[in-house]
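S.K.: Got a structure here, written out as structure tokens. Questions coming.
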Amino acid sequence: MTEHPPGPAFRPRAALAMHPDVASAVLDAESHAALAALCDPAPLPVLDDFTTPQARAVLADVDLLITGWGCPPLDAEVLRAAPRLRAVVHAAGSVRGHVTDACWERGIEVSSAAAANAVPVAEYTLAMILLTGKRVLESARDYRSARARPDWLRPDRSIGNHRRTVGILSASLIGRRVIDLLRPHDLDVLLHDPYVDEGGADELGVRRVELAELFRHSDTVSVHTPLLPETRGLVGRELIDSMRPGAVLVNTARGAVVDQDALTDAVLAGRIRAVLDVTEPEVLPPDHPLWRCGNVLLTPHLAGSQGNELRRLADLALSEIASWAAGDGFLHPVRRERLAFLA
């Protein structure tokens, strides 16, 4: 439980620390009004540079920072300028970009809206698994070209989602939500996660398998592994080459988790298909062959919160502030010891 000064209510002094465009997108007028009801917001502007005199004046007086995409690192120098700072509420997913070791050493409490951001990513993933199972993109392309309906009474038996096998790589926050969304469908779900044992897999309603088996036996492999030093290039050439002909690799995690050269070779050869919401680099060079490959759907990192989905991030952040200010702590805390397993 968070220790607050004595009194019937604690109204923390709070400031926004993120890119100003992010603040405008995530926090609408209703969110700002709700924030003002919970705490004493510092005067604008939104902080996206902690080195200015104006920023230092704001930092000197805050108990709480509400952070978002574009927040600079909260290093030891910044924390020295913020002697009252006791908590960070991140209105986005990963805190790796700005929460430093100095924050943990200072005992600052940290919350993240990763659970809210996981919702649209999982929805995107489910949609892509089902659409690629029906070969919707290829069928739409052929239909537009032929202007005639194919003979549906002689279907390709590889088309459809009946008893297909889906492999989930990592029971992360998003991976677990994808498993939940897959449950009503007539699919067999495999899981590889070195930190989930047989009992944990049973609780999730999936079958635990080794990494090589996941790739060999899945019609679709969905990657939800955080990018860590040990997961960079985890999905390498041997695994990609072992995938079933016509299988699909869906990546909504980080591009560098996958050996992109090996994947490019496999899709150009027509062996497998891919749905890539992330690549390495994030935007491929204009002449990269994946842009022209008919076996690949590239999307611009849109699986995460977009448009009206951003309101979820604000709502979760506001609920975290209310809980913390009431002395009940965070409902979605980020623990230092768990940081190595998070995106």
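Please note that chains go A, B, ... in the order of the structure tokens, that every chain numbers its residues from 1, and that ligands are numbered from 1 in the order shown.
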Which residues, written as a list in words, have at least one atom at most 6 Å from Asp219 in chain A, with only C-alpha atoms counted and residues fewer than 6 positions away on the same chain left out?

M.R.: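 Once the nearby chain positions are removed, what remains is Thr165, Val166 and Ala247 of chain A.
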
S.K.: Counting only C-alpha atoms, what are the residues of range 148-215 of chain A within 9 Å of range 117-123 of chain A, and for each of them which pair of atoms is the nearest and at what distance in Å, to one decimal? Sort the table by chain and rising number, as CSV.

M.R.:
```
residue,atom,partner,partner_atom,distance
A:Leu173,CA,A:Ala118,CA,6.7
A:Ile174,CA,A:Ala118,CA,5.1
A:Gly175,CA,A:Ala122,CA,7.4
A:Arg176,CA,A:Ala122,CA,8.8
A:Arg177,CA,A:Ala122,CA,6.1
A:Val178,CA,A:Ala122,CA,5.0
A:Ile179,CA,A:Ala122,CA,8.8
A:Leu181,CA,A:Ala122,CA,7.6
```

S.K.: Using only C-alpha atoms, which of A:Ser111, A:Asn251, A:Thr264, A:Ser222 sits nearest Arg86 in chain A?

M.R.: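 Residue with the minimum atom-to-atom distance to Arg86 in chain A: A:Ser111.
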
S.K.: Residues within 7 Å of Pro333 in chain A, please, as a tab-separated table (two decimals) with N, CA and C atoms, in the first residue's frame. Count only C-alpha atoms; anything in the same chain fewer than 2 positions from it doesn't count.

M.R.:
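Done, and the output landed in result.tsv:
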```tsv
chain	number	residue	atom	x	y	z
A	110	VAL	N	5.59	2.27	-10.30
A	110	VAL	CA	5.37	2.38	-11.74
A	110	VAL	C	4.14	1.57	-12.14
A	111	SER	N	3.32	2.17	-12.99
A	111	SER	CA	2.15	1.48	-13.56
A	111	SER	C	2.20	1.63	-15.08
A	112	SER	N	1.61	0.70	-15.77
A	112	SER	CA	1.56	0.75	-17.24
A	112	SER	C	0.18	0.38	-17.74
A	330	PHE	N	-1.33	0.38	-7.17
A	330	PHE	CA	-1.70	0.21	-8.57
A	330	PHE	C	-2.32	-1.16	-8.81
A	331	LEU	N	-3.29	-1.19	-9.70
A	331	LEU	CA	-3.88	-2.46	-10.12
A	331	LEU	C	-3.03	-3.12	-11.22
A	335	ARG	N	6.74	-4.37	-12.03
A	335	ARG	CA	7.73	-4.76	-11.03
A	335	ARG	C	9.11	-4.85	-11.67
```

S.K.: Interatomic distance between CA of Leu64 in chain A and CA of Leu79 in chain A?

M.R.: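 Atom-to-atom, CA of Leu64 in chain A to CA of Leu79 in chain A, that is 11.9 Å.
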
S.K.: Write out as a VMD selection string all residues of range 84-243 of chain A that backbone DSSP assigns to strand (DSSP E or B).

M.R.: chain A and resid 87 to 90 99 109 to 112 164 to 169 187 to 192 207 to 208 220 to 223 235

S.K.: Might you pull out every residue within 8 Å of range 271-281 of chain A, with only C-alpha atoms counted and same-chain residues fewer than 5 positions away left off, and present them as a VMD selection string?

M.R.: chain A and resid 128 243 to 256 260 266 295 to 303

S.K.: Mind checking which residues fall within 8 Å of Ala317 in chain A, counting only C-alpha atoms, ignoring those fewer than 3 positions away in the same chain, and posting them as a ChimeraX atom specification?

M.R.: /A:66,89-91,112-113,313-314,320-321

S.K.: Kindly save the residues from that selection, with C-alpha atoms included, as a PDB file, in the first residue's frame.

M.R.:
```
ATOM      1  CA  ILE A  66       1.746  10.630 -16.320  1.00  0.00           C
ATOM      2  CA  VAL A  89       1.677   6.139 -14.555  1.00  0.00           C
ATOM      3  CA  HIS A  90       2.444   5.221 -18.164  1.00  0.00           C
ATOM      4  CA  ALA A  91      -0.494   5.758 -20.521  1.00  0.00           C
ATOM      5  CA  SER A 112       1.564   0.748 -17.238  1.00  0.00           C
ATOM      6  CA  ALA A 113      -1.456   0.656 -19.527  1.00  0.00           C
ATOM      7  CA  LEU A 313      -5.095   3.984 -22.383  1.00  0.00           C
ATOM      8  CA  ALA A 314      -6.363   7.197 -20.808  1.00  0.00           C
ATOM      9  CA  GLU A 320      -4.592   3.788 -11.722  1.00  0.00           C
ATOM     10  CA  ILE A 321      -4.213   7.350 -10.468  1.00  0.00           C
TER      11      ILE A 321
END
```

S.K.: Rank nothing, just name the residue among A:Val221, A:Ala322, A:Ala57, A:Ala269 nearest to Val235 in chain A, using only C-alpha atoms.

M.R.: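 Between A:Val221, A:Ala322, A:Ala57, A:Ala269, the residue approaching Val235 in chain A most closely is A:Val221.
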
S.K.: Give the alpha helix (DSSP H) residues of range 194-329 of chain A, as assigned by DSSP on the backbone, as JSON, numbers by chain.

M.R.: {"A": [198, 199, 200, 201, 202, 203, 204, 211, 212, 213, 214, 215, 216, 217, 237, 238, 239, 240, 241, 260, 261, 262, 263, 264, 265, 266, 267, 268, 310, 311, 312, 313, 314, 315, 316, 317, 318, 319, 320, 321, 322, 323, 324, 325]}
